[in-house]
Amino acid sequence: MTRIDLHCHSTASDGTLTPAELVRAGAEAGLDVMAITDHDTTGGWAEAAAARPENLTLVRGAELSCRWFGVEPTIPLHLLAYLFDPGEPRLAADLARLRSDREQRAEKIVELLRADGVDISWPEVSGYAAGGSVGRPHIAQALIRAGLVRTTDEAFASRWLGARYFVPKADLDVFEAVRAVREAGGVAVFAHPNATVRGRIVPDKLIVELADAGLFGLEADHEDHTPEQRAHVRALAGELGLVVTGSSDFHGTHKTVRLGAFTTELSAYGKIVSAATGVPVLG
């Protein structure tokens with residue numbers, strides 16, 4: 001059986017393994033295919049490609065920070081973009097803007113924490129990002145180091161980064177993001193669309209509209225979906241003619257989930273590869 005994990009993060013965003021370590025770990029975990037999908041960046045692509053073991057096929061992608069503006073308050077969501085051309089001007093500009101906003105947001109959060117006497121610094125937080133896209137998990141690392149929280153989940157609770165020190169971030173309009181991914185020759189899959197554990201989710205009617213706009217698939221098998229939610233996402237994908245994916249959303253030690261905890265069927269993977277024209281799979 002071919003084992004395919006299409007949602008994995010490295011230190012290019014908020015994972016704890018470098019891109020090279022990530023692909024080696026994928027091979028060691030028995031994966032045949034894995035995707036590198038760091039938040040709003042392709043910064044780990046080159047290193048992952050250079051370190052790719054011969055027995056591992058690499059899918060290059062990114063997880064895009066998006067938002068649905070059709071309700072108030074608006075709802076944030078994530079799109080997995082696969083095999084797009086990173087040089088396509090529109091999408092490249094969108095990603096650059098998102099990364100810049102992420103850094104400014106993180107700096108503001110650090111300033112708020114320091115104003116309350118919390119012993120962390122911006123050089124420390126940016127150092128944890130190791131040149132990658134800075135995010136709240138890196139601030140969480142600093143809070144853990146300072147002995148104020150024990151885990152990333154605790155750092156994301158309302159007492160800390162979830163509410164008291166929360167700073168909003170810029171996101172792409174989800175319809176514009178789907179169109180941009182398609183224009184760049186990529187394939188867009190809605191990440192963990194029914195994960196109520198993460199907060200408010202969008203209604204099915206929005207997914208219908210996104211499918212009409214060019215959405216290609218739904219990520220059903222994910223650790224944040226209950227069995228009932230996985231079944232619902234699968235049924236909805238079937239009604240709309242969308243592919244169904246499954247993946248770990250691996251972040252290294254920031255999460256307990258393991259590589260290959262959830263996987264994608266070979267037929268769905270084949271449809272993604274066939275539909276993409278931006279960059280090829282490697283392997």
# chains A, B, ... in the order shown; residues from 1 in each chain; ligands from 1
>>> select_by_dssp(residues="stretch 12-220 of chain A", states="strand (DSSP E or B)", output="ChimeraX atom specification")
/A:33-39,57-68,75-82,172-173,187-190,217-220
>>> residues_around(residues="stretch 184-186 of chain A", least_positions_apart="6", cutoff="6 Å", atoms="only C-alpha atoms", output="list of chain:residue names")
A:Tyr82, A:Leu83, A:Phe84, A:Asp85, A:Glu88, A:Ala276, A:Thr277, A:Gly278
>>> select_by_dssp(residues="stretch 154-253 of chain A", states="alpha helix (DSSP H)", output="VMD selection string")
chain A and resid 154 to 155 174 to 183 204 to 213 227 to 240
>>> residues_around(residues="A:Asp153", least_positions_apart="5", cutoff="12 Å", atoms="only C-alpha atoms", output="CSV table (one decimal) with all heavy atoms, in the first residue's frame")
chain,number,residue,atom,x,y,z
A,136,ARG,N,3.1,32.3,15.9
A,136,ARG,CA,2.9,32.2,17.4
A,136,ARG,C,3.5,31.0,18.0
A,136,ARG,O,3.9,31.0,19.2
A,136,ARG,CB,1.3,32.2,17.6
A,136,ARG,CG,0.7,33.5,17.4
A,136,ARG,CD,-0.7,33.6,17.9
A,136,ARG,NE,-1.6,32.6,17.1
A,136,ARG,CZ,-2.8,32.2,17.5
A,136,ARG,NH1,-3.3,32.6,18.7
A,136,ARG,NH2,-3.5,31.3,16.8
A,137,PRO,N,3.7,29.8,17.3
A,137,PRO,CA,4.4,28.7,18.0
A,137,PRO,C,5.8,29.1,18.4
A,137,PRO,O,6.3,28.5,19.4
A,137,PRO,CB,4.4,27.6,16.9
A,137,PRO,CG,3.2,27.9,16.1
A,137,PRO,CD,3.1,29.4,16.0
A,139,ILE,N,6.7,32.0,19.6
A,139,ILE,CA,6.5,32.7,20.8
A,139,ILE,C,6.2,31.7,21.9
A,139,ILE,O,6.6,31.9,23.1
A,139,ILE,CB,5.3,33.8,20.7
A,139,ILE,CG1,5.6,34.8,19.6
A,139,ILE,CG2,5.1,34.5,22.0
A,139,ILE,CD1,4.5,35.8,19.3
A,140,ALA,N,5.4,30.7,21.6
A,140,ALA,CA,5.1,29.6,22.6
A,140,ALA,C,6.4,29.0,23.1
A,140,ALA,O,6.5,28.7,24.2
A,140,ALA,CB,4.2,28.6,21.9
A,141,GLN,N,7.3,28.8,22.1
A,141,GLN,CA,8.6,28.2,22.5
A,141,GLN,C,9.3,29.1,23.6
A,141,GLN,O,9.9,28.6,24.5
A,141,GLN,CB,9.5,28.0,21.3
A,141,GLN,CG,9.2,26.9,20.4
A,141,GLN,CD,10.2,26.7,19.3
A,141,GLN,OE1,9.9,27.2,18.2
A,141,GLN,NE2,11.4,26.2,19.6
A,143,LEU,N,7.8,31.1,25.7
A,143,LEU,CA,7.1,31.0,26.9
A,143,LEU,C,7.4,29.7,27.7
A,143,LEU,O,7.5,29.7,28.9
A,143,LEU,CB,5.6,31.1,26.6
A,143,LEU,CG,5.1,32.5,26.1
A,143,LEU,CD1,3.6,32.4,25.7
A,143,LEU,CD2,5.3,33.6,27.1
A,144,ILE,N,7.6,28.7,26.9
A,144,ILE,CA,8.0,27.4,27.5
A,144,ILE,C,9.4,27.5,28.1
A,144,ILE,O,9.6,27.1,29.3
A,144,ILE,CB,8.0,26.3,26.5
A,144,ILE,CG1,6.5,26.0,26.0
A,144,ILE,CG2,8.6,25.0,27.0
A,144,ILE,CD1,6.4,25.1,24.8
A,158,SER,N,-6.5,30.8,26.3
A,158,SER,CA,-6.9,32.2,26.4
A,158,SER,C,-6.1,33.1,27.4
A,158,SER,O,-6.0,34.3,27.2
A,158,SER,CB,-8.4,32.3,26.9
A,158,SER,OG,-8.5,31.6,28.2
A,159,ARG,N,-5.5,32.5,28.4
A,159,ARG,CA,-4.7,33.3,29.3
A,159,ARG,C,-3.4,33.9,28.6
A,159,ARG,O,-2.9,34.9,29.0
A,159,ARG,CB,-4.2,32.4,30.4
A,159,ARG,CG,-3.4,33.1,31.5
A,159,ARG,CD,-2.8,32.2,32.5
A,159,ARG,NE,-1.9,32.9,33.5
A,159,ARG,CZ,-1.2,32.3,34.4
A,159,ARG,NH1,-1.3,31.0,34.5
A,159,ARG,NH2,-0.4,33.0,35.2
A,160,TRP,N,-3.0,33.2,27.5
A,160,TRP,CA,-1.8,33.7,26.8
A,160,TRP,C,-2.2,34.1,25.4
A,160,TRP,O,-2.8,35.1,25.2
A,160,TRP,CB,-0.7,32.6,26.9
A,160,TRP,CG,-0.2,32.4,28.2
A,160,TRP,CD1,-0.6,31.3,29.1
A,160,TRP,CD2,0.6,33.2,29.0
A,160,TRP,NE1,0.0,31.4,30.3
A,160,TRP,CE2,0.8,32.6,30.3
A,160,TRP,CE3,1.3,34.4,28.8
A,160,TRP,CZ2,1.6,33.1,31.3
A,160,TRP,CZ3,2.1,34.9,29.8
A,160,TRP,CH2,2.3,34.3,31.0
A,161,LEU,N,-1.7,33.4,24.4
A,161,LEU,CA,-1.8,33.8,23.0
A,161,LEU,C,-3.2,33.7,22.4
A,161,LEU,O,-3.5,34.3,21.4
A,161,LEU,CB,-0.8,33.0,22.2
A,161,LEU,CG,0.6,33.0,22.7
A,161,LEU,CD1,1.5,32.2,21.7
A,161,LEU,CD2,1.1,34.5,22.8
A,162,GLY,N,-4.1,32.9,23.1
A,162,GLY,CA,-5.4,32.7,22.5
A,162,GLY,C,-6.3,33.9,22.7
A,162,GLY,O,-7.3,34.1,21.9
A,198,ARG,N,-11.2,23.8,16.6
A,198,ARG,CA,-10.3,24.9,16.3
A,198,ARG,C,-11.1,26.3,16.4
A,198,ARG,O,-10.6,27.3,16.3
A,198,ARG,CB,-9.7,24.8,14.9
A,198,ARG,CG,-8.6,23.8,14.8
A,198,ARG,CD,-8.2,23.6,13.4
A,198,ARG,NE,-7.1,22.7,13.3
A,198,ARG,CZ,-5.8,23.1,12.9
A,198,ARG,NH1,-5.7,24.4,12.6
A,198,ARG,NH2,-4.8,22.3,12.9
A,253,THR,N,7.6,18.5,17.3
A,253,THR,CA,7.3,18.4,18.8
A,253,THR,C,6.2,19.4,19.2
A,253,THR,O,5.8,19.4,20.3
A,253,THR,CB,8.5,18.6,19.6
A,253,THR,OG1,9.2,19.8,19.3
A,253,THR,CG2,9.5,17.5,19.4
A,254,HIS,N,5.8,20.3,18.3
A,254,HIS,CA,4.7,21.2,18.6
A,254,HIS,C,3.4,20.5,18.7
A,254,HIS,O,2.4,21.1,19.3
A,254,HIS,CB,4.6,22.3,17.6
A,254,HIS,CG,5.7,23.4,17.7
A,254,HIS,ND1,6.1,23.9,18.9
A,254,HIS,CD2,6.4,24.0,16.7
A,254,HIS,CE1,7.0,24.8,18.7
A,254,HIS,NE2,7.2,24.9,17.4
A,255,LYS,N,3.3,19.3,18.2
A,255,LYS,CA,2.1,18.5,18.3
A,255,LYS,C,2.5,17.1,18.6
A,255,LYS,O,3.6,16.7,18.3
A,255,LYS,CB,1.3,18.6,16.9
A,255,LYS,CG,0.6,19.9,16.6
A,255,LYS,CD,-0.3,19.8,15.4
A,255,LYS,CE,-1.0,21.0,15.1
A,255,LYS,NZ,-2.0,20.9,14.0
A,256,THR,N,1.5,16.3,19.0
A,256,THR,CA,1.8,14.9,19.3
A,256,THR,C,1.5,14.0,18.1
A,256,THR,O,2.0,12.9,18.2
A,256,THR,CB,0.9,14.4,20.5
A,256,THR,OG1,-0.5,14.6,20.2
A,256,THR,CG2,1.2,15.2,21.8
>>> closest_residue(among="A:Ala163, A:Val233, A:Ala46, A:Val187", to="A:Tyr269", atoms="only C-alpha atoms")
A:Val187
